[in-house]
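Below is one structure, written out as C-alpha cells; comments come after it.
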Amino acid sequence: MRTAALLVVALACSCTIHRHVTLLLGPDDDTLTAGFSCLGSDGLPLFAAGYDAPTQTLSFNLVVDLVDVSQHVPSCLAEDIAAACADGECQLSVADAPTRFCQPVSVKISSISSAPMELIAALQEQFPEVISKAPNRPVIVRAVATLQPCDAGIETSQAGAWLPLDPSMALGCAYSCPLNLNDADGEVSLGLNVPVMPSDPACPIAVRDCASFPIIPM
Amino acid sequence: MAAIAVKIARLRWLPCLLAAACTARAAHPIPIAVLELGDREAIGSLHADGLAPYEVTPPASPPAPADSTNDAIARVRAAYVAGELDACANAVAAISVEDQLARGDRASASRVLELGAACAVGARDLAGARTFADAIASYGLEPREQIAPDAERLIGQAIEAAGRAARSSLAIHGVAGAHVAVDGRPDRCVAPCELELAPGKHVIAATADGFAPAHVVVRVPDQTVVELDQAPASALLAAQQWRARTTSGASPADAVGAALVAKFVPDRRVVIVRGGPHVDGELVVDGLRVAIKEAPRGDSPELLRELAYDGGVLHRPAVWQRPWFWIAVTGAVVAIAAGIVAVTYQPRVVTSVGL
C-alpha cells in the first residue's frame, strides 16, 4: 500500500512540464531593439554613459521586472497599456519575483560597430536564467539597463510592489507584450512600442517612459 | 497530496470493514444436514456462510437373519423319510407357509405343503392331506418333491379341480401405489386394484416405499374385498428403501425419495449432494424438495448457499448487500474519476525565463 502511495506521488510529480522562455532584446537574436541603442542629444548612444574608454568596458546594471497587469489585459499598444495601467492596478509585482532581478553587467566592447552583438552575446552568456518560475497569468516583461546601483533602493518594496526605477539613469529599456509566459515556450521579443529610430530624439524619451513604469507620464 | 496518499495507504482495515458490512449474514448459522453421494472429491468442502452444514449417513442395515427355512424343510423331509409322521406333521405346522409366500418364496412353500400332504396321507389323515393339496392348488404352486404316489395323485386332483373352478373377483385396497403380490408372485397389480383369483386361500402382500410391507390371507370367494394396512416405515426401513432407490438410479430427492429422507434424517432441512462431473444439489425441507441446483466441481459452498436462498432457508441478500455490487460501484466510480481526471487534468507548468 505504501508503495502504491509513493507511486501516485511519483506520477503526480512526473506530470510537471518544464519550459524555458528566452528573452530577445530586439526583433531577433542578432539585433538590439531601439530601446537599447538610442542616441542621446549629444549624438552618442545612451550606453556611452556606462562606457569606460580606457578599458573599453561597458558597465551597467540589468533589472528585469514582471509587471502584473491585473484583471484587464491590454494589447501590445502603448496606448492600451497606458490606459489599462492608468488606474494604478499595474504593479511591479513582488509576488512574482520575491527577489528583484538586478545584476551588474560588464561587457568588453572591441569596436562600436560590433557593440550590439557583443552586448547580446554577453547578456546571453551571463544570464541564461533571470526568472526561475514564471507566474501563471498575463504579465509584461521589462528589461532595463540602468546606472542605478543594485542596492537597497532598488530592492525595496512598497505595498507589494517594487519601487519604480529612476528614469534619468536608464541607458536602455524594452518590454514585451502582455503574455502568460507558461504559454510562450520559446522566444519572446522585447522592444519599444513606438516607431522610433535610435537617432530619433523621441527615442530617449521612450526609454525613460519605459523605465519609469508604472508611473505613466502623460 | 502525498500525505493523503499515505493516510489512505494506512487504512488497511477499510476493505475488511466494507466486506463485513456488505455481506449478508444470518445472526446464527443455521444447521443443515448433508447427505453426500457419488464422488466425494468433487464435492469438496461444505463450509458456507450463514449455514452450519453437517454430514449425515443413512443408518446401516442390520445383518440379515440366517434363513432357517431350508433347515426346517430338511427336518420335515427327514421325519417323512423316517416314517415319523407325527414329527413330520408337527414340523410342518411350525412353518408359516403364508410368510414364505409373502416373502415371495414359492418354492419353499410348495415343498412344505407337499411334504405336509404326504405325511398326512401316510398317517391316514385324508382331510388334512386334502387341505394341503387344496392350498397347493389355490396358490398355484408347482410340485417338486419326491413323495408317495397317493399323495401326488391327491395333489394332482386338487390342481385339476382348481383349474376347472370359476374365478372370483377380489378388490384390494391399501396405500395408493403399493405394489401388490399374490401368493408370492410379485407385481400382480398396483393398489387399489381388482384381481380374478381361483377359489381357495390366497396370500395378498403389499410393498410401498415409506411403508412397512404387509400381507393378509384371504379366502376366495368368501371374501371379495381386502384392506392392506401398511404401517409407516421405520427410520431404518426408510433408509434401506432410499438406498435401494438411489442404487437403482432413482432420484434421491424426488417426491418419494424426499419423503424417505425426512424419515431417517432427524433434521428438517437436508441437502443431498451428488458429486460427479458437476456437483448436483437438492434441498429437502420437511420431506419436500424445495430447491435443486448444479455447480462446478468443488464449488459446494456456493451450491449450498444458492440452495438455501432458493429454498427460503436463508434470505437472499439485497443487491447492495452483495460484495460484487460494491466492487462494481467502486470500479465505476474509479473509472469515472479517472475519466474526469484524464479530461480535465492540466499538468503543472514551470517556466523559467532567461536571456
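Chain identifiers are assigned as A, B, and so on, following the order in which chains appear in the C-alpha cells; residues are numbered from 1 within each chain, and ligands are numbered from 1 in order of appearance.
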So that I can check the surroundings of Leu181 of chain A, please list as a PyMOL selection string every protein, DNA and RNA residue that reaches within 7 Å of it, counting only C-alpha atoms and ignoring chain neighbours fewer than 3 positions away.
(chain A and resi 134+184) or (chain B and resi 351)
Using only C-alpha atoms and a distance of at most 7 Å, pull out the residues of chain A that contact chain B, as a PyMOL selection string.
chain A and resi 1-2+5+9+15-24+123-124+127-134+181-182
Assign secondary structure with DSSP using the backbone only, and return the residues of segment 28-265 of chain B in strand (DSSP E) as a ChimeraX atom specification.
/B:30-38,51-56,168-173,179-182,185-190,193-197,200-207,214-220,225-227
Pairwise distance for atom CA of Ala253 of chain B and atom CA of Gly287 of chain B, rounded to one decimal in Å:
9.0 Å
Would you work out the distance separating atom CA of Thr99 of chain A from atom CA of Ile81 of chain A, expressed in Å to one decimal?
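One can read the atom CA of Thr99 of chain A to atom CA of Ile81 of chain A distance as 24.8 Å.
Using only C-alpha atoms, the contacts of Leu147 of chain A at a cut-off of 7 Å, with sequence neighbours closer than 2 positions omitted, comprise Phe60, Asn61, Pro149, Met169 and Ala170 of chain A.
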For segment 64-74 of chain A, find every residue with an atom within 6 Å (counting only C-alpha atoms), except residues of its own chain fewer than 5 positions away, and show them as a PyMOL selection string.
chain A and resi 80-81+90-93+101+139-143
Which neighbours of Glu98 of chain B fall inside 8 Å, counting only C-alpha atoms, when residues of the same chain fewer than 5 positions from it are skipped, and could you give them as a VMD selection string?
chain B and resid 109 203 217
Go ahead and write the residues just picked, all heavy atoms, as a CSV table (one decimal), in the first residue's frame.
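The resulting file, result.csv, is reproduced below:
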chain,number,residue,atom,x,y,z
B,109,ALA,N,-42.5,-72.8,-0.1
B,109,ALA,CA,-43.9,-73.1,0.3
B,109,ALA,C,-44.4,-74.3,-0.3
B,109,ALA,O,-45.1,-75.1,0.3
B,109,ALA,CB,-44.7,-71.8,-0.1
B,203,VAL,N,-52.5,-65.5,-0.4
B,203,VAL,CA,-51.7,-64.6,0.4
B,203,VAL,C,-51.6,-63.3,-0.5
B,203,VAL,O,-50.9,-63.3,-1.5
B,203,VAL,CB,-50.4,-65.2,0.7
B,203,VAL,CG1,-49.5,-64.1,1.5
B,203,VAL,CG2,-50.6,-66.4,1.5
B,217,VAL,N,-54.1,-63.1,4.6
B,217,VAL,CA,-54.5,-64.3,3.9
B,217,VAL,C,-56.0,-64.2,3.8
B,217,VAL,O,-56.8,-63.9,4.7
B,217,VAL,CB,-54.2,-65.5,4.8
B,217,VAL,CG1,-54.7,-66.8,4.1
B,217,VAL,CG2,-52.7,-65.6,5.0
Leaving out segment 234-236 of chain B and any residue of its chain fewer than 4 positions from it, which residues lie within 7 Å of it when counting only C-alpha atoms, given as a list in words?
Pro59, Ser61, Gln240, Lys263 and Phe264 of chain B
Min atom-atom distance to Ala174 of chain A from the set A:Ser110, A:Ser199, A:Thr146, A:Thr156, counting only C-alpha atoms, belongs to A:Thr146
For atom CA of Pro164 of chain A and atom CA of Ala211 of chain A, determine how far apart the two atoms are, in Å to one decimal place.
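About the pair atom CA of Pro164 of chain A and atom CA of Ala211 of chain A: they are 7.9 Å apart.
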Name the residues of segment 53-247 of chain B that fall into alpha helix (DSSP H) according to DSSP on the backbone, using the chain letters and numbers of this document, as a count of residues only.
88
